[in-house]
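Participant: First the structure, then my questions, so here it is.
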Amino acid sequence: MAGPFPGMDPFIEAQGSWLDFHNRLIAAICDKLGDDLPGDYVARVDERIELVDRGEDGASFLPDVLVAAPSSTEEVPSMMVSGLPVAATLNEVLYRDPEEVRHTWVEVRRLPDLELITVVEVLSPVNKSGSGRAAYLEKRDKYHAGRVNLVEIDLLLGGAPLPMKRPLGRGRYHAIVTRGPRLPTAEVYSWSVFDAVPTVPVPLRPPDADVPIEVAPLVDRVHTSGRYALTLKYDRKLPDDLPLDEAARAWSQAFLAARQAGDP
């Protein structure tokens, strides 16, 4: 069953299903490109493992890993304060272990030398906050410096939007298509929760034409194969910290209420 929303389903992000959805969508994009690319190109999924931690703003979407020592009966040392012994008490230190995260993306390479032409990224929460954001922006700068085409698809409402000269609006979805030879200009597609996900062009090496990715049917296919309609709790409200404006939030709740009531 496809998602109930006309475009991206915000409940996937809000209720912890993003990792599974992301990996399925990356594979679907790679397969679609494999079908549609000219004969002298190939599409491959690549992966990097990274340790990330929550940023100072606390905005990471990763769960905290809190580690505490078990209660101990060992003797507690004491120290002298103003000539009098003061005993310490045992407590437990809570700290966050860095989280191991696997990043996957699609690379389009040209035969016969497998030259990297285009990268397609579907952003994850870790790309939009904390140390993971800094690492992603460094990677992004390397692509730009190498004049590699970069397609960044952001299907998340939370986290900080990618930096642009004219800031991207929060509470919206975005796709940024950066063509290496045309830097620093980029094409930006933006849409809201009540819009269909647009078709996004994947640029190749000129004079080869763009290969369009129809993202909407891929999102629907992943939603269906992941069976999220059976696991997501649509009777719950979207979290208050999800940055939807009042109109989009009200529309989302009314839209779901109408569907549950059986209205067309």
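How things are named: the first chain in the structure tokens is A, the next is B, and so on; residues count from 1 in each chain; ligands count from 1 in the order shown.
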If we count only C-alpha atoms, what is near Glu152 of chain A at a cut-off of 12 Å, once residues fewer than 4 positions away on the same chain are taken out, given as number ranges by chain?
Facilitator: A: 26, 105-106, 118-124, 127, 136-137, 140, 143, 156, 161-162, 173-179, 186-190, 200-202
Participant: Quick one: residues within 9 Å of Val219 of chain A, only C-alpha atoms counted, chain neighbours fewer than 6 positions away excluded, as an NGL selection string?
Facilitator: :A and (2-3 or 7-8 or 21 or 25 or 28 or 197)
Participant: Nearest residue to Leu244 of chain A out of A:Pro181, A:Gly171, A:Pro4, A:Gly39, using only C-alpha atoms?
Facilitator: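 Closest residue, counting only C-alpha atoms: A:Gly171.
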Participant: Name the closest residue to Leu204 of chain A among the candidates A:Pro125, A:Pro38, A:Pro10, A:Gly226; distances are taken between atoms, counting only C-alpha atoms.
Facilitator: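 Among the listed residues, A:Pro38 lies closest to Leu204 of chain A.
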Participant: Name the residues in contact with Pro243 of chain A at a cut-off of 9 Å, using only C-alpha atoms, excluding same-chain residues fewer than 4 positions from it; report them as a list in words.
Facilitator: Leu157, Gly158, Gly159, Arg170, Gly171, Arg172 and Pro239 of chain A
Participant: For the selection just defined, write its residues with C-alpha atoms to a file, as a compact mmCIF listing (two decimals), in the first residue's frame.
Facilitator:
```txt
# COMPACT_ATOMS: atom_id res chain seq x y z
CA LEU A 157 11.61 18.33 7.35
CA GLY A 158 13.83 18.28 10.45
CA GLY A 159 17.41 19.43 10.77
CA ARG A 170 12.55 25.28 6.79
CA GLY A 171 9.57 22.97 6.87
CA ARG A 172 9.84 22.16 3.16
CA PRO A 239 5.57 15.99 16.65
```
Participant: Name the closest residue to Gly34 of chain A among the candidates A:Glu107, A:Ala134, A:Ala248, A:Tyr228; distances are taken between atoms, counting only C-alpha atoms.
Facilitator: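 Selected residue with least distance to Gly34 of chain A: A:Glu107.
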Participant: Please report, as an MDAnalysis selection string, each residue of segment 159-249 of chain A to which DSSP assigns strand (DSSP E) when run on this structure's backbone.
Facilitator: chainID A and resid 173:178 186:191 199:202 211:214
Participant: Please report the interatomic distance between atom CA of Leu256 of chain A and atom CA of Tyr234 of chain A in Å with one decimal.
Facilitator: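 That distance, rounded to one decimal, is 7.3 Å.
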Participant: List as number ranges by chain the protein and nucleic acid residues near Leu232 of chain A, meaning an atom at most 12 Å away when only C-alpha atoms are counted, but skip any in the same chain fewer than 6 places from it.
Facilitator: A: 3-4, 9-18, 223, 226, 238
Participant: For the selection you just gave me, I'd like the residues written to a file as a tab-separated table (two decimals), in the first residue's frame, keeping C-alpha atoms.
Facilitator:
```
chain	number	residue	atom	x	y	z
A	3	GLY	CA	1.55	6.18	1.56
A	4	PRO	CA	-1.54	8.22	2.29
A	9	ASP	CA	5.06	10.81	4.12
A	10	PRO	CA	6.33	12.86	7.12
A	11	PHE	CA	5.41	10.05	9.53
A	12	ILE	CA	8.36	8.01	8.20
A	13	GLU	CA	10.69	10.67	9.56
A	14	ALA	CA	8.66	11.32	12.70
A	15	GLN	CA	8.30	7.70	13.83
A	16	GLY	CA	11.77	6.28	13.32
A	17	SER	CA	11.48	4.48	9.96
A	18	TRP	CA	13.90	6.68	8.07
A	223	HIS	CA	6.40	2.86	0.84
A	226	GLY	CA	8.32	-1.42	3.23
A	238	LEU	CA	2.99	14.90	14.06
```
Participant: Kindly give the distance, in Å, that separates atom CA of Thr199 of chain A and atom CA of Pro212 of chain A, rounded to a single decimal.
Facilitator: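 Between atom CA of Thr199 of chain A and atom CA of Pro212 of chain A the gap works out to 6.4 Å.
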Participant: Of the residues A:Leu114, A:Leu19, A:Val148, A:Ile29, which is the one nearest to Arg102 of chain A, using only C-alpha atoms?
Facilitator: A:Leu19
Participant: Counting only C-alpha atoms, what is within 7 Å of Arg109 of chain A, bar same-chain residues fewer than 2 positions away, as a count of residues only?
Facilitator: 9
Participant: Could you check the closest approach to Leu37 of chain A for each of A:Val215, A:Ala209, A:Ala257, A:Leu242 and tell me which residue wins, using only C-alpha atoms?
Facilitator: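 For Leu37 of chain A, the nearest of the given residues is A:Ala209.
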Participant: Between A:Leu90, A:Ala216, A:Val211, A:Lys233, which one has atoms that come closest to Asp35 of chain A, using only C-alpha atoms?
Facilitator: A:Val211
